[in-house]
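The structure appears right after this line, and notes come after that.
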Amino acid sequence: MYFFLKLTLTMWKNHIKITLRNISRNKSFNFINIAGLAIGLASSIFIILYIIDQVKFDRFHEKGDNIYRLYIEGKMSGEELKGAWNSPVFGPTFYEEVPEIINVCRFDFRSNLLMYSDPSDKHLENHIMYADSGFFEIFSFRLIEGDPATCLDEPNSILISEKKVPIYFPEGDPVGKAISMNNDSTLYTVTGVVENAPENSHIFYDFIASYSTLTSSRRGNWFNNHMVTYFLIRDEADPTLVEDKINVSLLEHIRPLLIEFLGITVEEFEASGNKYGLFLQHLYDIHLDPTVDMPNEIGFRPLGNRGYLYIFGVIAFFILVIASINFMNMSTARSLTRAKEVSLRKVVGSSRKELVHQFLAESVVLSFVAMIIAILIVVVLLPNFNQITGIELGLKDLFSWYMFPAFIVLSIFLGLLSGLYPASVLASFKPLQALKGKATASNGTGRLRSILVIVQFTISVVIMVGTMVIFWQFRYMLNKDIGFNKDNMIIMDRVYPLGNDRLETFKAELMKHNSIESVSNSTAFLGSPNNNNGYKIREKDDTETFLFNTYWVDYDFMDCYGLEFANPESRYMSKDFGADSSVSVINEAAVRKYMIEDPLNSTILWPNDDNTYHELKVIGVLKDFHYSSVKNDIAPLVAFLKPNDWNWVGYLNVRVKPGSEHRRLALDYMEETWNDFTDKQPFQYIFLDEHYDSFYAEEKRTGIITFIFSILSVFIACLGLFGMTLYNTQRRTREIGIRKVMGATENKILVLVSKSILFSLVFSILIAWPLAWYMTHNWLNGFPYNIGFQPALFLLSALLAMVIALVTVILTAMRSARTNPALALHYE
């Protein structure tokens, strides 16, 4: 046994020595191989790190396997809704009535609140979360100070995050001290210090207050959905059965309410084509599922998209395939130059098995060297990658315990995969033929190399087409006519310090400035709809409920945004009509989707709490405009005049004149006027065009990442072409010299060298186009407004691939085409 082990180690030691010797003797060949593999591996590692970063969201919770978020999915009058908004009554009720639910935690969020422990040092905070007392029993967020069992029990209790402690309590030890919000005389007592929200948590907070503080936590309205509910269920519980029990309980509670408020039964509601149900979304699925809408974005990190991870995973796989094909192509192409070496080793007694081991060892060593270089590339370029793509990947995952075994396994796998066929080719040479220089006849690997080149460029063209389609779709969404002018629009947030009593005076003061064209007040601004309410339409079946995104606006809203009417008979709310407090305007989508035959003689019925309706006659139909992302279909919208006595102040929409100078002057004046009216409360605003652009951050990031790796995939493929062309021209040096002596021009020599590559490229394009169409067609179908099939993008991708490849081949072959024939004829 000892002798056998010693013999095996000696044999592999010799393999490694010979491998290193061959690597040093063939520097250019091995440089191309190692460079291609290293770039391919580095590209794949970048993508893998991004995928790991997205997939590991929320995995740190110890009870994560049993945590679910409740969401509503329904359909009313053809309009579908799917969102994680709940009524406060859902959680406690289902906790009591469904035995599989062992704990519940409700969340609500607030933003734009002035907080202070010292009245002379106030700070504006945007991430205040309200949570039930079971928060720490369900989630594994770490409480640094305080008692997790009681810290959120009492109203007006609050936890402060680590990073906020030095800001509010520089002397330290905040527990037991008071903190204030806005001008509220009620103080919050700090009951603990909680860790900063982990980067891989979909929940985000700076403060956590007790949910019992909010009066809304005690509301019993089953249709007032505005907050979030999480459940912890038993280990053995089936989530589907839990959903069934939740919906049984839901129907029992809403059945009398439907009859009381809508005058219909549950069966009549469903018979009208409507549906309404509650479902459970697993904690681990939340971050990568953008199909479930959020009640707001204050307490959550931006969502990812599982579909994009699949795209990146496919790209990583393709890049590795291209890099492996480079290695295989170069190794099989070089096999003839090593034919005599192999034959001599066979003559002196080497077996086929030993030769295969030797060549596989060379391949694996090259793969390990490429992996080491790839890791170094990632370490050096990761900050630049983060900056370009707008993401925050760290090196922690790269050097985690599970990555090193993965690197080793991947290196061995790639080495074996890339080297297995070349090794078998090299080991199969017949000594006599090889020594006579006739190895070509029995070992024709040209066809295989051509097939591999076709595969390489098929993949490259598919990636290039996909990249162009993503960019054109992104460009289309950014530049699409959204139905109103979003440029030069400033949205003033947090205007409640003005109050309704001074709002009109403030608007009038702003209009005095030459750079400001229009000012309007509304409960939501275009780009941020915040109410999707159910109404009736008098002229429709009384059993039907119609969903409208709702805006409460003032008389200047339409002019401020530059909206247009769909017909000349329409009009907008006006001070000239005293009864306009009881009118409404709707959009074309509402007319079309709800089949309203005579909209200007229709009346929207807004339900009151006492089972009566507030009647709002439709006086105008607006042309459709995208008041939300272009990624969403335009849904029915209704706008009412905002009552003067509401406490809900909303936003101020300020249109300024075009030009950066007007924008600067307007902002300066707005801030100065704001300080005069509010005693220097924080001045908050956003630019509407930037807000709309933020809707497409995920598509922009996807486009940048695919662009980077499409360039790399083509570069790796061209690196292989460079090596192949270099080898072919060297192998045909004497032939080229003879042709030049016989009168062949440089152009003819270049055509001779490149025609086979050109044929392979054409064949690649013909294969790539249908594959690219299938993949991009499916992706585009996820957007209601998309660029459709664009033949020009397919042609442009093919043309770019051909130009890049031919330039690579021609520049490489040019040296041989210009070689002195006399020198070429002496080459051997």
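Each chain in the structure tokens gets a letter, A, B and so on, in the order shown; residues start at 1 in every chain, and ligands are counted from 1 in the order they appear.
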Using the chain letters and numbers from this document, which residues of range 11-153 of chain A does DSSP assign to strand (DSSP E or B), as a ChimeraX atom specification?
-> /A:67-76,79-83,86,101-110,113-118,121-125,128-131,143-145
Measure the distance from CA of Asn549 in chain A to CA of Ser518 in chain A in Å and round it to one decimal.
->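 Between CA of Asn549 in chain A and CA of Ser518 in chain A the gap works out to 23.9 Å.
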Select, from A:Tyr535, A:Tyr116, A:Tyr496, A:Phe135, the residue with the minimum atom-to-atom distance to Ala178 in chain A, counting only C-alpha atoms.
->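 Closest candidate: A:Tyr116.
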Can you tell me, as a ChimeraX atom specification, what residues are no more than 9 Å from Leu360 in chain A when counting only C-alpha atoms, ignoring any on the same chain fewer than 2 positions away?
-> /A:355-358,362-365,415-416,418-420,422-423
Would you list the contacts of range 673-690 of chain A as an NGL selection string, taking every protein, DNA or RNA residue within 7 Å and counting only C-alpha atoms, but skipping same-chain residues closer than 3 positions in sequence?
-> :A and (486-487 or 489-494 or 497-498 or 669-670 or 693-694)
Would you mind exporting the chosen residues as a compact mmCIF listing (two decimals), in the first residue's frame, restricted to C-alpha atoms?
```
# COMPACT_ATOMS: atom_id res chain seq x y z
CA LYS A 486 -42.61 66.01 -16.02
CA ASP A 487 -39.67 68.31 -16.71
CA MET A 489 -41.59 70.22 -12.03
CA ILE A 490 -40.60 70.48 -8.37
CA ILE A 491 -42.62 68.56 -5.78
CA MET A 492 -42.62 70.08 -2.30
CA ASP A 493 -42.86 67.29 0.23
CA ARG A 494 -43.80 67.66 3.90
CA PRO A 497 -46.55 72.75 8.65
CA LEU A 498 -48.41 75.25 6.49
CA TYR A 669 -37.18 81.79 -3.46
CA MET A 670 -39.26 78.76 -2.46
CA ASP A 693 -36.24 57.93 -13.73
CA SER A 694 -35.87 56.09 -10.41
```
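The nearest approach to Leu395 in chain A among the residues A:Leu616, A:Ile810, A:Ala38, A:Leu381, with only C-alpha atoms taken into account, belongs to A:Leu381.
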Non-local contacts of Leu303 in chain A (8 Å; only C-alpha atoms; under 4 positions in same chain excluded) as a list in words = His202, His287, Leu288, Asp289 and Pro290 of chain A
Need the shell around Ala42 in chain A: protein/DNA/RNA residues with any atom at most 7 Å away, counting only C-alpha atoms. Skip same-chain ones fewer than 2 positions apart. Format as an mmCIF file with C-alpha atoms, in the first residue's frame?
```
data_model
loop_
_atom_site.group_PDB
_atom_site.id
_atom_site.type_symbol
_atom_site.label_atom_id
_atom_site.label_comp_id
_atom_site.auth_asym_id
_atom_site.auth_seq_id
_atom_site.Cartn_x
_atom_site.Cartn_y
_atom_site.Cartn_z
ATOM 1 C CA ALA A 38 -9.435 34.275 -16.152
ATOM 2 C CA ILE A 39 -11.651 36.942 -17.717
ATOM 3 C CA GLY A 40 -14.486 34.443 -18.094
ATOM 4 C CA SER A 44 -18.881 34.855 -13.685
ATOM 5 C CA ILE A 45 -17.687 35.576 -10.141
ATOM 6 C CA PHE A 46 -18.994 39.147 -10.363
ATOM 7 C CA ALA A 374 -9.756 35.859 -11.770
ATOM 8 C CA ILE A 375 -10.047 36.288 -7.992
ATOM 9 C CA ILE A 377 -9.271 40.751 -10.892
ATOM 10 C CA VAL A 378 -12.466 40.694 -8.815
#
```
How far is it from CA of Thr240 in chain A to CA of Leu81 in chain A, in Å with one decimal?
->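 So the two atoms, CA of Thr240 in chain A and CA of Leu81 in chain A, lie 20.1 Å apart.
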List the neighbours of Val104 in chain A out to 12 Å using only C-alpha atoms; skip same-chain residues closer than 4 positions along the sequence, and give me the result as a PyMOL selection string.
-> chain A and resi 66-70+88-96+98+100+131-139+228-233
Rounded to one decimal place, report the CA of Ser754 in chain A-CA of Arg447 in chain A distance in Å.
->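 Separating CA of Ser754 in chain A from CA of Arg447 in chain A is a distance of 15.6 Å.
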Identify, with DSSP run on backbone atoms, the residues in range 650-817 of chain A assigned to helix (DSSP H, G or I), and express the list as a PyMOL selection string.
-> chain A and resi 660-678+688-694+697-731+733-741+746-780+791-817
Which of these residues is nearest to Tyr594 in chain A, using only C-alpha atoms: A:Thr189, A:Thr808, A:Thr545, A:Ser522?
->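 Of A:Thr189, A:Thr808, A:Thr545, A:Ser522, the one nearest Tyr594 in chain A, counting only C-alpha atoms, is A:Thr545.
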